[in-house]
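Step one of this worksheet: look at the structure below.
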Amino acid sequence: MSVAKATKVLLIERDQAKAKVVLEALDCSSYDVKHLSCIGISLLKEIDHAEPDLILMDVESPSRDVIENLNYISQLNPKPVVMFSEDEDQNTISELVKSGVSAYVIGDVNAERVRSVISVAIARFQEFQQLKNELKQTKNLLNGQKVINKAKTWLMTKKQLSEEQAYHRMRKMAMDNGQKVEEVAKNILSIASVLED
């Protein structure tokens, strides 16, 4: 029987009393917590080094540096981020959510709700990542279809073929060369661009 792996949490909390509340709320059998008392330029290095499953931070008012760091994390190595803050400014909250914050909690770190906030943040993060991946796949499919349609149109025009004949020709070329139809279409378009120059 396999033992469930502890969730690695990077806790960023300047206030030692607040950090203690979080550490006590997250039992060590389910959570492996690394505590940082401040954040700065080294945040990205700390994240690379700690490889957390989740980032939990408490900041009075998120600075421009914090938002930029979160943007980098979101783009390069996305992680669920839970932020506790006193800042109720809607523009700041909106900016932080765009930067990859999964849960933004206004007010003090509360031992009773830390675990539930973390669970919700992880679930929201996973759902968002899945949607992002599905969107990327859909975009790739649409782009591939555009390339195929463009190559098909070129063949129809230059070789006086019907749409079905043009597609059949590309499919046969793909099968003969062990390629995808999209790759054949790209080759046709690159040849077309040379011939038409």
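In the structure tokens, the first chain shown is A, the next is B, and so on; residue numbers restart at 1 for each chain, and ligands run from 1 in the order shown.
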
Give me, as CSV, each residue of range 76-108 of chain A that comes within 9 Å of range 55-61 of chain A, together with its shortest interatomic pair and the distance in Å at one decimal, counting only C-alpha atoms, with rows ordered by chain and rising residue number.
residue,atom,partner,partner_atom,distance
A:Lys79,CA,A:Ile55,CA,7.1
A:Pro80,CA,A:Ile55,CA,6.4
A:Val81,CA,A:Ile55,CA,4.7
A:Val82,CA,A:Leu56,CA,4.8
A:Met83,CA,A:Met57,CA,4.9
A:Phe84,CA,A:Asp58,CA,4.5
A:Ser85,CA,A:Glu60,CA,5.1
A:Glu86,CA,A:Glu60,CA,5.2
A:Asp87,CA,A:Ser61,CA,5.4
A:Thr92,CA,A:Ser61,CA,8.8
A:Asp108,CA,A:Asp58,CA,8.6

Requested write-out: N, CA and C atoms of the selected residues, as a compact mmCIF listing (two decimals), in the first residue's frame:
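Once written, result.txt looks like this:
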# COMPACT_ATOMS: atom_id res chain seq x y z
N LYS A 79 2.10 27.20 -10.48
CA LYS A 79 1.80 26.55 -9.19
C LYS A 79 0.56 27.20 -8.61
N PRO A 80 -0.20 26.47 -7.80
CA PRO A 80 -1.29 27.14 -7.09
C PRO A 80 -0.71 28.12 -6.07
N VAL A 81 -1.26 29.33 -6.04
CA VAL A 81 -0.79 30.36 -5.12
C VAL A 81 -1.97 30.83 -4.28
N VAL A 82 -1.80 30.78 -2.95
CA VAL A 82 -2.80 31.30 -2.03
C VAL A 82 -2.20 32.54 -1.38
N MET A 83 -2.94 33.66 -1.45
CA MET A 83 -2.43 34.89 -0.86
C MET A 83 -3.42 35.43 0.18
N PHE A 84 -2.88 35.67 1.37
CA PHE A 84 -3.63 36.36 2.42
C PHE A 84 -3.13 37.80 2.42
N SER A 85 -4.07 38.74 2.42
CA SER A 85 -3.67 40.15 2.39
C SER A 85 -4.73 41.03 3.02
N GLU A 86 -4.30 42.22 3.42
CA GLU A 86 -5.24 43.23 3.95
C GLU A 86 -5.74 44.14 2.82
N ASP A 87 -5.11 44.04 1.66
CA ASP A 87 -5.41 44.94 0.54
C ASP A 87 -6.73 44.52 -0.13
N THR A 92 -5.94 45.67 -7.67
CA THR A 92 -4.83 44.83 -7.21
C THR A 92 -5.25 43.36 -7.25
N ASP A 108 -6.94 38.22 8.20
CA ASP A 108 -5.91 37.44 8.87
C ASP A 108 -5.90 35.97 8.46

Within 9 Å of Leu23 in chain A, counting only C-alpha atoms, which residues show up once you throw out same-chain ones fewer than 5 positions away? Write them as a PDB file with C-alpha atoms, in the first residue's frame, please.
ATOM      1  CA  LEU A  11       5.110  29.557   3.179  1.00  0.00           C
ATOM      2  CA  LYS A  18       1.133  34.262  11.882  1.00  0.00           C
ATOM      3  CA  CYS A  28       3.240  17.490   9.046  1.00  0.00           C
ATOM      4  CA  VAL A  33       6.179  23.226   4.844  1.00  0.00           C
ATOM      5  CA  HIS A  35       8.997  28.815   5.760  1.00  0.00           C
ATOM      6  CA  ALA A 111      -6.100  28.260  11.314  1.00  0.00           C
TER       7      ALA A 111
END

remark   = In terms of only C-alpha atoms, the residue from A:Val184, A:Leu54, A:Ser99, A:Val147 at minimal distance from Lys172 in chain A is A:Val184

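By only C-alpha atoms, and with residues fewer than 3 positions from Ser29 in chain A along its chain excluded, the set lying at most 10 Å from it is Ala4, Lys5, Ala6, Thr7, Leu26 and Asp32 of chain A.
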
request  = Quick one: pull the distance between CA of Leu43 in chain A and CA of Glu112 in chain A, Å, one decimal.
outcome  =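 Spanning CA of Leu43 in chain A to CA of Glu112 in chain A is a straight-line distance of 27.4 Å.
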
key: Distance in Å - CA of Leu10 in chain A versus CA of Ser37 in chain A   =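 We find that CA of Leu10 in chain A and CA of Ser37 in chain A lie 10.7 Å from each other.
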
Atomic distance CA of Asn71 in chain A - CA of Leu96 in chain A, expressed in Å with one decimal = 8.6 Å

Pick from A:Ser30, A:Asp53, A:Tyr72, A:Glu182 nearest to Asn143 in chain A, counting only C-alpha atoms = A:Glu182

request  = Return the single residue from A:Arg113, A:Lys150, A:Lys180, A:Lys139 that is closest to Ala166 in chain A, with distances computed using only C-alpha atoms.
outcome  =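 Closest to Ala166 in chain A, using only C-alpha atoms: A:Lys150.
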
key: DSSP strand (DSSP E or B) selection over range 72-191 of chain A, as a PyMOL selection string   = chain A and resi 81-85+101-106

key: Selected residue, from A:Ile67, A:Thr153, A:Ala185, A:Ile191, that lies nearest to Gln165 in chain A when counting only C-alpha atoms   =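 Answer, going by the shortest atom-to-atom distance: A:Thr153.
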
task = Give the alpha helix (DSSP H) residues of range 73-114 of chain A, as DSSP finds them on the backbone, and put them as an MDAnalysis selection string.
result = chainID A and resid 73:76 90:98 111:114
